[in-house]
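Listing of start.pdb; format and content: PDB, C-alpha atoms, pLDDT in the B column.
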ATOM      1  CA  LEU A 502      -3.738  10.189  30.460  1.00 86.00           C
ATOM      2  CA  SER A 503      -6.132  11.819  32.889  1.00 91.00           C
ATOM      3  CA  GLY A 504      -5.360  15.506  33.264  1.00 91.00           C
ATOM      4  CA  ALA A 505      -3.048  15.640  30.241  1.00 94.00           C
ATOM      5  CA  GLN A 506      -3.143  18.740  28.062  1.00 96.00           C
ATOM      6  CA  TYR A 507      -1.499  17.117  25.038  1.00 96.00           C
ATOM      7  CA  ALA A 508      -1.418  13.528  23.767  1.00 96.00           C
ATOM      8  CA  LEU A 509       1.075  12.086  21.287  1.00 95.00           C
ATOM      9  CA  ILE A 510      -0.236   8.810  19.872  1.00 95.00           C
ATOM     10  CA  SER A 511       0.494   6.152  17.245  1.00 90.00           C
ATOM     11  CA  LEU A 512      -1.722   4.095  14.952  1.00 85.00           C
ATOM     12  CA  ARG A 513      -2.220   1.609  17.776  1.00 87.00           C
ATOM     13  CA  GLU A 514      -4.344   4.025  19.797  1.00 91.00           C
ATOM     14  CA  SER A 515      -7.954   4.653  18.909  1.00 92.00           C
ATOM     15  CA  VAL A 516      -9.215   8.095  19.847  1.00 96.00           C
ATOM     16  CA  ASP A 517     -12.940   8.023  20.518  1.00 95.00           C
ATOM     17  CA  ASN A 518     -15.301   9.362  23.160  1.00 95.00           C
ATOM     18  CA  ASP A 519     -14.016   6.847  25.722  1.00 95.00           C
ATOM     19  CA  PHE A 520     -10.445   8.063  25.123  1.00 96.00           C
ATOM     20  CA  LEU A 521     -11.534  11.689  25.418  1.00 96.00           C
ATOM     21  CA  ASP A 522     -13.534  10.975  28.576  1.00 95.00           C
ATOM     22  CA  ALA A 523     -10.474   9.323  30.120  1.00 95.00           C
ATOM     23  CA  ALA A 524      -8.300  12.300  29.214  1.00 95.00           C
ATOM     24  CA  GLY A 525     -10.665  14.790  30.754  1.00 95.00           C
ATOM     25  CA  PRO A 526     -11.469  18.425  30.040  1.00 94.00           C
ATOM     26  CA  ASP A 527      -7.857  19.682  30.157  1.00 95.00           C
ATOM     27  CA  LEU A 528      -6.925  17.982  26.867  1.00 96.00           C
ATOM     28  CA  LYS A 529      -6.120  20.615  24.244  1.00 96.00           C
ATOM     29  CA  ALA A 530      -4.514  18.718  21.364  1.00 97.00           C
ATOM     30  CA  ILE A 531      -3.761  15.253  19.989  1.00 97.00           C
ATOM     31  CA  SER A 532      -1.062  14.488  17.429  1.00 96.00           C
ATOM     32  CA  THR A 533      -0.441  11.169  15.696  1.00 95.00           C
ATOM     33  CA  PHE A 534       2.794   9.648  14.393  1.00 88.00           C
ATOM     34  CA  SER A 535       1.204   9.038  10.984  1.00 85.00           C
ATOM     35  CA  VAL A 536      -0.143  10.608   7.838  1.00 83.00           C
ATOM     36  CA  GLY A 537      -3.474   8.807   8.190  1.00 82.00           C
ATOM     37  CA  TYR A 538      -5.817   9.738  11.004  1.00 88.00           C
ATOM     38  CA  ASP A 539      -8.666   7.274  10.509  1.00 85.00           C
ATOM     39  CA  HIS A 540      -8.021   6.002  14.060  1.00 91.00           C
ATOM     40  CA  ILE A 541      -9.107   9.392  15.429  1.00 95.00           C
ATOM     41  CA  ASP A 542     -12.731  10.472  15.722  1.00 95.00           C
ATOM     42  CA  VAL A 543     -12.135  13.977  14.411  1.00 95.00           C
ATOM     43  CA  GLU A 544     -15.733  15.074  14.917  1.00 95.00           C
ATOM     44  CA  ALA A 545     -15.648  14.000  18.566  1.00 96.00           C
ATOM     45  CA  CYS A 546     -12.435  15.955  19.056  1.00 97.00           C
ATOM     46  CA  LYS A 547     -13.892  18.967  17.292  1.00 96.00           C
ATOM     47  CA  ALA A 548     -16.976  18.900  19.512  1.00 96.00           C
ATOM     48  CA  ARG A 549     -14.726  19.130  22.591  1.00 96.00           C
ATOM     49  CA  GLY A 550     -12.399  21.743  21.180  1.00 96.00           C
ATOM     50  CA  VAL A 551      -9.454  19.350  20.907  1.00 97.00           C
ATOM     51  CA  ALA A 552      -7.070  20.102  18.037  1.00 97.00           C
ATOM     52  CA  VAL A 553      -5.852  17.164  15.916  1.00 97.00           C
ATOM     53  CA  GLY A 554      -2.486  16.989  14.164  1.00 96.00           C
ATOM     54  CA  ASN A 555      -0.788  14.457  11.869  1.00 93.00           C
ATOM     55  CA  THR A 556       2.560  14.190  10.051  1.00 89.00           C
ATOM     56  CA  PRO A 557       2.003  14.465   6.274  1.00 85.00           C
ATOM     57  CA  GLY A 558       5.104  14.321   4.120  1.00 80.00           C
ATOM     58  CA  VAL A 559       7.447  13.069   6.840  1.00 84.00           C
ATOM     59  CA  LEU A 560       7.599   9.446   5.651  1.00 85.00           C
ATOM     60  CA  THR A 561       6.761   9.843   1.959  1.00 91.00           C
ATOM     61  CA  GLU A 562      10.094   8.598   0.615  1.00 93.00           C
ATOM     62  CA  THR A 563      10.503   5.972   3.340  1.00 92.00           C
ATOM     63  CA  THR A 564       7.086   4.507   2.620  1.00 92.00           C
ATOM     64  CA  ALA A 565       7.762   4.515  -1.123  1.00 95.00           C
ATOM     65  CA  ASP A 566      11.027   2.650  -0.451  1.00 96.00           C
ATOM     66  CA  THR A 567       9.132   0.064   1.587  1.00 95.00           C
ATOM     67  CA  ALA A 568       6.533  -0.417  -1.137  1.00 96.00           C
ATOM     68  CA  PHE A 569       9.168  -0.866  -3.821  1.00 97.00           C
ATOM     69  CA  ALA A 570      11.165  -3.255  -1.639  1.00 97.00           C
ATOM     70  CA  LEU A 571       8.026  -5.328  -1.095  1.00 96.00           C
ATOM     71  CA  MET A 572       7.297  -5.381  -4.816  1.00 97.00           C
ATOM     72  CA  ILE A 573      10.796  -6.538  -5.756  1.00 97.00           C
ATOM     73  CA  SER A 574      11.182  -9.051  -2.934  1.00 96.00           C
ATOM     74  CA  THR A 575       7.773 -10.587  -3.612  1.00 96.00           C
ATOM     75  CA  ALA A 576       8.307 -10.689  -7.372  1.00 96.00           C
ATOM     76  CA  ARG A 577      11.771 -12.251  -7.075  1.00 94.00           C
ATOM     77  CA  ARG A 578      10.668 -14.522  -4.182  1.00 94.00           C
ATOM     78  CA  VAL A 579      13.446 -13.255  -1.933  1.00 93.00           C
ATOM     79  CA  PRO A 580      11.900 -14.255   1.433  1.00 92.00           C
ATOM     80  CA  GLU A 581      11.230 -17.776   0.149  1.00 90.00           C
ATOM     81  CA  ALA A 582      14.767 -18.107  -1.193  1.00 90.00           C
ATOM     82  CA  VAL A 583      16.332 -16.902   2.058  1.00 91.00           C
ATOM     83  CA  ASN A 584      14.181 -19.334   4.012  1.00 92.00           C
ATOM     84  CA  ALA A 585      15.200 -22.186   1.667  1.00 90.00           C
ATOM     85  CA  VAL A 586      18.852 -21.486   2.404  1.00 88.00           C
ATOM     86  CA  LYS A 587      18.232 -21.365   6.157  1.00 92.00           C
ATOM     87  CA  THR A 588      16.234 -24.618   6.223  1.00 91.00           C
ATOM     88  CA  GLY A 589      18.560 -26.534   3.924  1.00 89.00           C
ATOM     89  CA  GLU A 590      16.008 -26.847   1.119  1.00 86.00           C
ATOM     90  CA  TRP A 591      18.496 -25.277  -1.322  1.00 84.00           C
ATOM     91  CA  SER A 592      21.162 -27.773  -2.327  1.00 79.00           C
ATOM     92  CA  ASP A 593      22.281 -27.066  -5.883  1.00 80.00           C
ATOM     93  CA  TRP A 594      21.644 -24.785  -8.825  1.00 78.00           C
ATOM     94  CA  ARG A 595      18.453 -25.340 -10.789  1.00 80.00           C
ATOM     95  CA  PRO A 596      17.749 -23.046 -13.752  1.00 81.00           C
ATOM     96  CA  GLU A 597      14.039 -22.490 -13.102  1.00 80.00           C
ATOM     97  CA  TRP A 598      13.971 -22.651  -9.316  1.00 84.00           C
ATOM     98  CA  MET A 599      12.428 -19.566  -7.666  1.00 82.00           C
ATOM     99  CA  CYS A 600      12.863 -17.426 -10.746  1.00 85.00           C
ATOM    100  CA  GLY A 601       9.913 -15.292  -9.822  1.00 89.00           C
ATOM    101  CA  LYS A 602       8.635 -12.438 -11.960  1.00 92.00           C
ATOM    102  CA  ASP A 603      10.441  -9.545 -13.628  1.00 95.00           C
ATOM    103  CA  VAL A 604       9.895  -6.023 -12.345  1.00 96.00           C
ATOM    104  CA  TRP A 605      11.861  -4.493 -15.213  1.00 96.00           C
ATOM    105  CA  GLY A 606       9.459  -3.328 -17.933  1.00 97.00           C
ATOM    106  CA  ALA A 607       6.391  -4.509 -16.012  1.00 98.00           C
ATOM    107  CA  CYS A 608       3.016  -2.788 -15.945  1.00 98.00           C
ATOM    108  CA  VAL A 609       2.453  -1.306 -12.490  1.00 98.00           C
ATOM    109  CA  GLY A 610      -1.028  -0.216 -11.421  1.00 98.00           C
ATOM    110  CA  ILE A 611      -1.234   2.447  -8.723  1.00 98.00           C
ATOM    111  CA  ILE A 612      -4.514   3.372  -7.053  1.00 97.00           C
ATOM    112  CA  GLY A 613      -3.995   6.934  -5.903  1.00 95.00           C
ATOM    113  CA  LEU A 614      -1.120   8.953  -7.411  1.00 95.00           C
ATOM    114  CA  GLY A 615      -0.670  11.256  -4.420  1.00 93.00           C
ATOM    115  CA  ARG A 616       2.598  12.067  -2.648  1.00 93.00           C
ATOM    116  CA  ILE A 617       3.498   8.476  -1.823  1.00 94.00           C
ATOM    117  CA  GLY A 618       2.042   7.056  -5.029  1.00 96.00           C
ATOM    118  CA  LEU A 619       4.123   9.448  -7.120  1.00 97.00           C
ATOM    119  CA  ALA A 620       7.277   8.759  -5.088  1.00 97.00           C
ATOM    120  CA  PHE A 621       6.724   5.038  -5.668  1.00 97.00           C
ATOM    121  CA  ALA A 622       6.155   5.602  -9.403  1.00 98.00           C
ATOM    122  CA  ARG A 623       9.454   7.516  -9.621  1.00 98.00           C
ATOM    123  CA  ARG A 624      11.220   4.387  -8.416  1.00 97.00           C
ATOM    124  CA  ALA A 625       9.363   2.283 -10.979  1.00 97.00           C
ATOM    125  CA  ALA A 626      10.548   4.705 -13.681  1.00 97.00           C
ATOM    126  CA  GLY A 627      14.103   3.536 -13.029  1.00 96.00           C
ATOM    127  CA  PHE A 628      12.989   0.037 -14.036  1.00 97.00           C
ATOM    128  CA  GLY A 629      11.377   1.167 -17.284  1.00 97.00           C
ATOM    129  CA  CYS A 630       7.912   0.262 -16.033  1.00 98.00           C
ATOM    130  CA  SER A 631       4.630   1.262 -17.610  1.00 98.00           C
ATOM    131  CA  ILE A 632       2.356   3.010 -15.135  1.00 98.00           C
ATOM    132  CA  LEU A 633      -1.416   2.774 -14.991  1.00 98.00           C
ATOM    133  CA  TYR A 634      -3.056   4.855 -12.313  1.00 98.00           C
ATOM    134  CA  SER A 635      -6.577   5.533 -11.123  1.00 96.00           C
ATOM    135  CA  GLY A 636      -8.051   8.151  -8.831  1.00 93.00           C
ATOM    136  CA  ARG A 637     -10.306  11.184  -8.833  1.00 92.00           C
ATOM    137  CA  SER A 638      -8.705  12.898 -11.833  1.00 95.00           C
ATOM    138  CA  PRO A 639      -5.738  12.719 -14.251  1.00 97.00           C
ATOM    139  CA  LYS A 640      -2.442  14.313 -13.220  1.00 97.00           C
ATOM    140  CA  PRO A 641      -0.759  15.550 -16.401  1.00 97.00           C
ATOM    141  CA  GLU A 642       2.231  17.136 -14.643  1.00 97.00           C
ATOM    142  CA  ALA A 643       2.983  13.886 -12.831  1.00 97.00           C
ATOM    143  CA  GLU A 644       2.613  11.969 -16.107  1.00 98.00           C
ATOM    144  CA  LYS A 645       5.094  14.288 -17.823  1.00 97.00           C
ATOM    145  CA  GLU A 646       7.616  13.930 -14.997  1.00 98.00           C
ATOM    146  CA  LEU A 647       7.393  10.132 -14.953  1.00 98.00           C
ATOM    147  CA  LEU A 648       7.871   9.883 -18.701  1.00 97.00           C
ATOM    148  CA  GLN A 649      10.945  12.100 -18.437  1.00 97.00           C
ATOM    149  CA  ARG A 650      12.278   9.877 -15.661  1.00 97.00           C
ATOM    150  CA  GLY A 651      12.057   6.751 -17.820  1.00 97.00           C
ATOM    151  CA  CYS A 652       8.591   5.225 -17.560  1.00 97.00           C
ATOM    152  CA  ALA A 653       7.655   3.440 -20.781  1.00 97.00           C
ATOM    153  CA  SER A 654       4.162   4.953 -20.569  1.00 97.00           C
ATOM    154  CA  VAL A 655       1.870   6.587 -18.024  1.00 98.00           C
ATOM    155  CA  GLU A 656      -1.898   6.436 -18.356  1.00 98.00           C
ATOM    156  CA  PHE A 657      -4.899   7.420 -16.241  1.00 98.00           C
ATOM    157  CA  VAL A 658      -7.430   4.588 -16.450  1.00 97.00           C
ATOM    158  CA  SER A 659     -10.509   3.198 -14.772  1.00 97.00           C
ATOM    159  CA  MET A 660     -10.114   0.845 -11.842  1.00 96.00           C
ATOM    160  CA  ASP A 661     -11.421  -2.014 -13.983  1.00 96.00           C
ATOM    161  CA  ASP A 662      -8.779  -1.435 -16.680  1.00 97.00           C
ATOM    162  CA  LEU A 663      -6.046  -1.115 -14.082  1.00 98.00           C
ATOM    163  CA  LEU A 664      -6.940  -4.446 -12.482  1.00 98.00           C
ATOM    164  CA  ALA A 665      -7.219  -6.245 -15.810  1.00 97.00           C
ATOM    165  CA  LYS A 666      -3.898  -5.043 -17.240  1.00 98.00           C
ATOM    166  CA  SER A 667      -1.453  -4.606 -14.351  1.00 98.00           C
ATOM    167  CA  ASP A 668       1.332  -7.028 -13.453  1.00 98.00           C
ATOM    168  CA  PHE A 669       1.520  -5.380 -10.035  1.00 98.00           C
ATOM    169  CA  VAL A 670      -1.401  -3.733  -8.249  1.00 98.00           C
ATOM    170  CA  VAL A 671      -0.485  -1.236  -5.521  1.00 97.00           C
ATOM    171  CA  PRO A 672      -3.126   0.730  -3.584  1.00 96.00           C
ATOM    172  CA  MET A 673      -1.845   4.101  -2.346  1.00 93.00           C
ATOM    173  CA  CYS A 674      -5.207   5.494  -1.303  1.00 90.00           C
ATOM    174  CA  GLN A 675      -6.453   6.774   2.031  1.00 84.00           C
ATOM    175  CA  LEU A 676      -8.738   4.646   4.158  1.00 83.00           C
ATOM    176  CA  ASN A 677     -12.260   6.022   4.132  1.00 85.00           C
ATOM    177  CA  GLU A 678     -15.761   4.664   3.652  1.00 86.00           C
ATOM    178  CA  GLY A 679     -15.227   4.571  -0.096  1.00 87.00           C
ATOM    179  CA  THR A 680     -12.015   2.526   0.086  1.00 89.00           C
ATOM    180  CA  ARG A 681     -12.704   0.303   3.092  1.00 92.00           C
ATOM    181  CA  GLY A 682     -12.760  -3.293   1.850  1.00 89.00           C
ATOM    182  CA  MET A 683     -12.293  -2.198  -1.783  1.00 93.00           C
ATOM    183  CA  PHE A 684      -9.996  -5.158  -2.397  1.00 95.00           C
ATOM    184  CA  ASN A 685     -12.310  -8.105  -2.057  1.00 96.00           C
ATOM    185  CA  ARG A 686     -13.266 -11.314  -3.834  1.00 97.00           C
ATOM    186  CA  ASP A 687     -14.486  -9.508  -6.967  1.00 96.00           C
ATOM    187  CA  THR A 688     -11.454  -7.231  -7.104  1.00 97.00           C
ATOM    188  CA  PHE A 689      -8.994 -10.094  -6.917  1.00 97.00           C
ATOM    189  CA  LYS A 690     -10.908 -12.083  -9.532  1.00 97.00           C
ATOM    190  CA  ALA A 691     -10.579  -9.082 -11.875  1.00 97.00           C
ATOM    191  CA  MET A 692      -6.769  -9.170 -11.635  1.00 97.00           C
ATOM    192  CA  LYS A 693      -4.471 -11.203 -13.874  1.00 97.00           C
ATOM    193  CA  PRO A 694      -3.719 -14.681 -12.483  1.00 97.00           C
ATOM    194  CA  ASP A 695       0.012 -13.898 -12.463  1.00 96.00           C
ATOM    195  CA  ALA A 696      -0.452 -10.450 -10.885  1.00 98.00           C
ATOM    196  CA  ILE A 697       1.126  -9.508  -7.569  1.00 98.00           C
ATOM    197  CA  PHE A 698      -0.691  -7.410  -4.973  1.00 98.00           C
ATOM    198  CA  VAL A 699       1.319  -5.012  -2.786  1.00 97.00           C
ATOM    199  CA  ASN A 700      -0.265  -3.171   0.142  1.00 95.00           C
ATOM    200  CA  ILE A 701       1.426  -0.485   2.248  1.00 92.00           C
ATOM    201  CA  THR A 702      -1.647   1.669   2.874  1.00 88.00           C
ATOM    202  CA  ARG A 703      -4.155   0.401   5.488  1.00 88.00           C
ATOM    203  CA  GLY A 704      -5.087  -3.206   6.219  1.00 88.00           C
ATOM    204  CA  ALA A 705      -8.789  -2.339   6.191  1.00 89.00           C
ATOM    205  CA  VAL A 706      -8.588  -1.448   2.485  1.00 93.00           C
ATOM    206  CA  VAL A 707      -8.405  -5.225   1.970  1.00 95.00           C
ATOM    207  CA  ASN A 708     -10.814  -7.972   2.922  1.00 95.00           C
ATOM    208  CA  GLN A 709      -8.159 -10.247   4.385  1.00 96.00           C
ATOM    209  CA  ASP A 710     -10.217 -13.432   4.096  1.00 96.00           C
ATOM    210  CA  ASP A 711     -10.818 -12.743   0.407  1.00 97.00           C
ATOM    211  CA  LEU A 712      -7.098 -12.104  -0.129  1.00 97.00           C
ATOM    212  CA  TYR A 713      -6.281 -15.411   1.548  1.00 97.00           C
ATOM    213  CA  ASP A 714      -8.775 -17.220  -0.691  1.00 97.00           C
ATOM    214  CA  ALA A 715      -7.411 -15.507  -3.811  1.00 97.00           C
ATOM    215  CA  LEU A 716      -3.895 -16.715  -2.962  1.00 97.00           C
ATOM    216  CA  ILE A 717      -4.947 -20.250  -2.031  1.00 97.00           C
ATOM    217  CA  ASN A 718      -7.076 -20.559  -5.178  1.00 96.00           C
ATOM    218  CA  LYS A 719      -4.268 -19.064  -7.328  1.00 96.00           C
ATOM    219  CA  GLU A 720      -6.478 -16.256  -8.579  1.00 97.00           C
ATOM    220  CA  ILE A 721      -3.440 -14.005  -8.098  1.00 97.00           C
ATOM    221  CA  ALA A 722       0.219 -15.016  -7.919  1.00 96.00           C
ATOM    222  CA  ALA A 723       1.397 -13.447  -4.651  1.00 97.00           C
ATOM    223  CA  ALA A 724       1.035 -10.597  -2.174  1.00 97.00           C
ATOM    224  CA  GLY A 725       3.581  -8.365  -0.453  1.00 95.00           C
ATOM    225  CA  LEU A 726       2.074  -6.865   2.691  1.00 94.00           C
ATOM    226  CA  ASP A 727       3.239  -4.146   5.050  1.00 91.00           C
ATOM    227  CA  VAL A 728      -0.166  -4.026   6.770  1.00 89.00           C
ATOM    228  CA  THR A 729      -2.968  -6.509   7.420  1.00 85.00           C
TER
END
With the file now loaded, output its structure as structure tokens.
Amino acid sequence: LSGAQYALISLRESVDNDFLDAAGPDLKAISTFSVGYDHIDVEACKARGVAVGNTPGVLTETTADTAFALMISTARRVPEAVNAVKTGEWSDWRPEWMCGKDVWGACVGIIGLGRIGLAFARRAAGFGCSILYSGRSPKPEAEKELLQRGCASVEFVSMDDLLAKSDFVVPMCQLNEGTRGMFNRDTFKAMKPDAIFVNITRGAVVNQDDLYDALINKEIAAAGLDVT
């Protein structure tokens, strides 16, 4: 890294003063293979005249696909069923075995209806889902589009209402000081006991110990996780 003029990094690398010291004074720019840049100390880079770049929009649809795949596979218990076949647990047909939970017509709560959140909601529209969303402000144009695409309803609500009413809770928010650890013991207790939590944003949005306890204590039904 020493003497480099440009650095191309991933989410695994943390850019702080130690990183910048190691790079040396020739470093001109850093770019990350991600939309989020919470692993980069932007102020430290700014102080040294190092430009910072990210990749917004590149993986919007891919990430929405991943989130929807996690929601369906968790709801329908696909990983458990596959494992049962592999281990020999499955032997014959049983009418109520691993039925899981319907996605069709479910109420899906989305925290943050930005690019990825909206792309995810478009997929839910194909399943006739009702959408509750929270964030800084209502998005009437997005609501209109989702209704036209087939959502049963779309409503901007408080976080408390979203947690209390949603069958699936899906954070799509950025990681910042306001969202760090926002899913904790109290948040999970506010969810329905048969609700499923899906996280494809940042692991630090969730208190992982509290999520573990919520699952063990059956305060929520399941979790589909892309990040921890």
Do a neighbour search on Ala530 (chain A) at 12 Å with all atoms listed in the file, toss out local chain neighbours closer than 3 positions, and write the hits as a PyMOL selection string.
-> chain A and resi 505-510+516+521+524-527+533+541+543+546-547+549-555
Quick one: write out the picked residues with C-alpha atoms as an mmCIF file, keeping the file's coordinate frame?
data_model
loop_
_atom_site.group_PDB
_atom_site.id
_atom_site.type_symbol
_atom_site.label_atom_id
_atom_site.label_comp_id
_atom_site.auth_asym_id
_atom_site.auth_seq_id
_atom_site.Cartn_x
_atom_site.Cartn_y
_atom_site.Cartn_z
ATOM 1 C CA ALA A 505 -3.048 15.640 30.241
ATOM 2 C CA GLN A 506 -3.143 18.740 28.062
ATOM 3 C CA TYR A 507 -1.499 17.117 25.038
ATOM 4 C CA ALA A 508 -1.418 13.528 23.767
ATOM 5 C CA LEU A 509 1.075 12.086 21.287
ATOM 6 C CA ILE A 510 -0.236 8.810 19.872
ATOM 7 C CA VAL A 516 -9.215 8.095 19.847
ATOM 8 C CA LEU A 521 -11.534 11.689 25.418
ATOM 9 C CA ALA A 524 -8.300 12.300 29.214
ATOM 10 C CA GLY A 525 -10.665 14.790 30.754
ATOM 11 C CA PRO A 526 -11.469 18.425 30.040
ATOM 12 C CA ASP A 527 -7.857 19.682 30.157
ATOM 13 C CA THR A 533 -0.441 11.169 15.696
ATOM 14 C CA ILE A 541 -9.107 9.392 15.429
ATOM 15 C CA VAL A 543 -12.135 13.977 14.411
ATOM 16 C CA CYS A 546 -12.435 15.955 19.056
ATOM 17 C CA LYS A 547 -13.892 18.967 17.292
ATOM 18 C CA ARG A 549 -14.726 19.130 22.591
ATOM 19 C CA GLY A 550 -12.399 21.743 21.180
ATOM 20 C CA VAL A 551 -9.454 19.350 20.907
ATOM 21 C CA ALA A 552 -7.070 20.102 18.037
ATOM 22 C CA VAL A 553 -5.852 17.164 15.916
ATOM 23 C CA GLY A 554 -2.486 16.989 14.164
ATOM 24 C CA ASN A 555 -0.788 14.457 11.869
#
Computed interatomic separation between CA of Asp566 (chain A) and CA of Asn677 (chain A) (Å) = 24.0 Å
With 10 Å as the cut-off and only C-alpha atoms counted, what is the closest atom pair between each nearby residue of region 596-676 of chain A and region 687-695 of chain A? Distances in Å to one decimal, ordered by chain and number, as a tab-separated table.
residue	atom	partner	partner_atom	distance
A:Lys602	CA	A:Asp695	CA	8.8
A:Met660	CA	A:Thr688	CA	9.5
A:Asp661	CA	A:Ala691	CA	7.4
A:Asp662	CA	A:Ala691	CA	9.2
A:Leu663	CA	A:Met692	CA	8.4
A:Leu664	CA	A:Met692	CA	4.8
A:Ala665	CA	A:Met692	CA	5.1
A:Lys666	CA	A:Lys693	CA	7.0
A:Ser667	CA	A:Lys693	CA	7.3
A:Asp668	CA	A:Asp695	CA	7.1
A:Phe669	CA	A:Asp695	CA	9.0
A:Val670	CA	A:Met692	CA	8.4
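From CA of Ala653 (chain A) back to CA of Gly610 (chain A), the distance works out to 13.3 Å.
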The PyMOL selection byres ((chain A and resi 618) around 12) on the file shown: which residues, as a ChimeraX atom specification?
-> /A:561-569,609-617,619-625,632-636,640,643,647,670-675,700-702
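If you look at CA of Ser515 (chain A) and CA of Arg637 (chain A), they are 28.6 Å away from each other.
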Given only C-alpha atoms as the counted atoms, nearest of A:Ala715, A:Ala582, A:Val728, A:Leu512 to Tyr538 (chain A) |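 Among the listed residues, A:Leu512 lies closest to Tyr538 (chain A).
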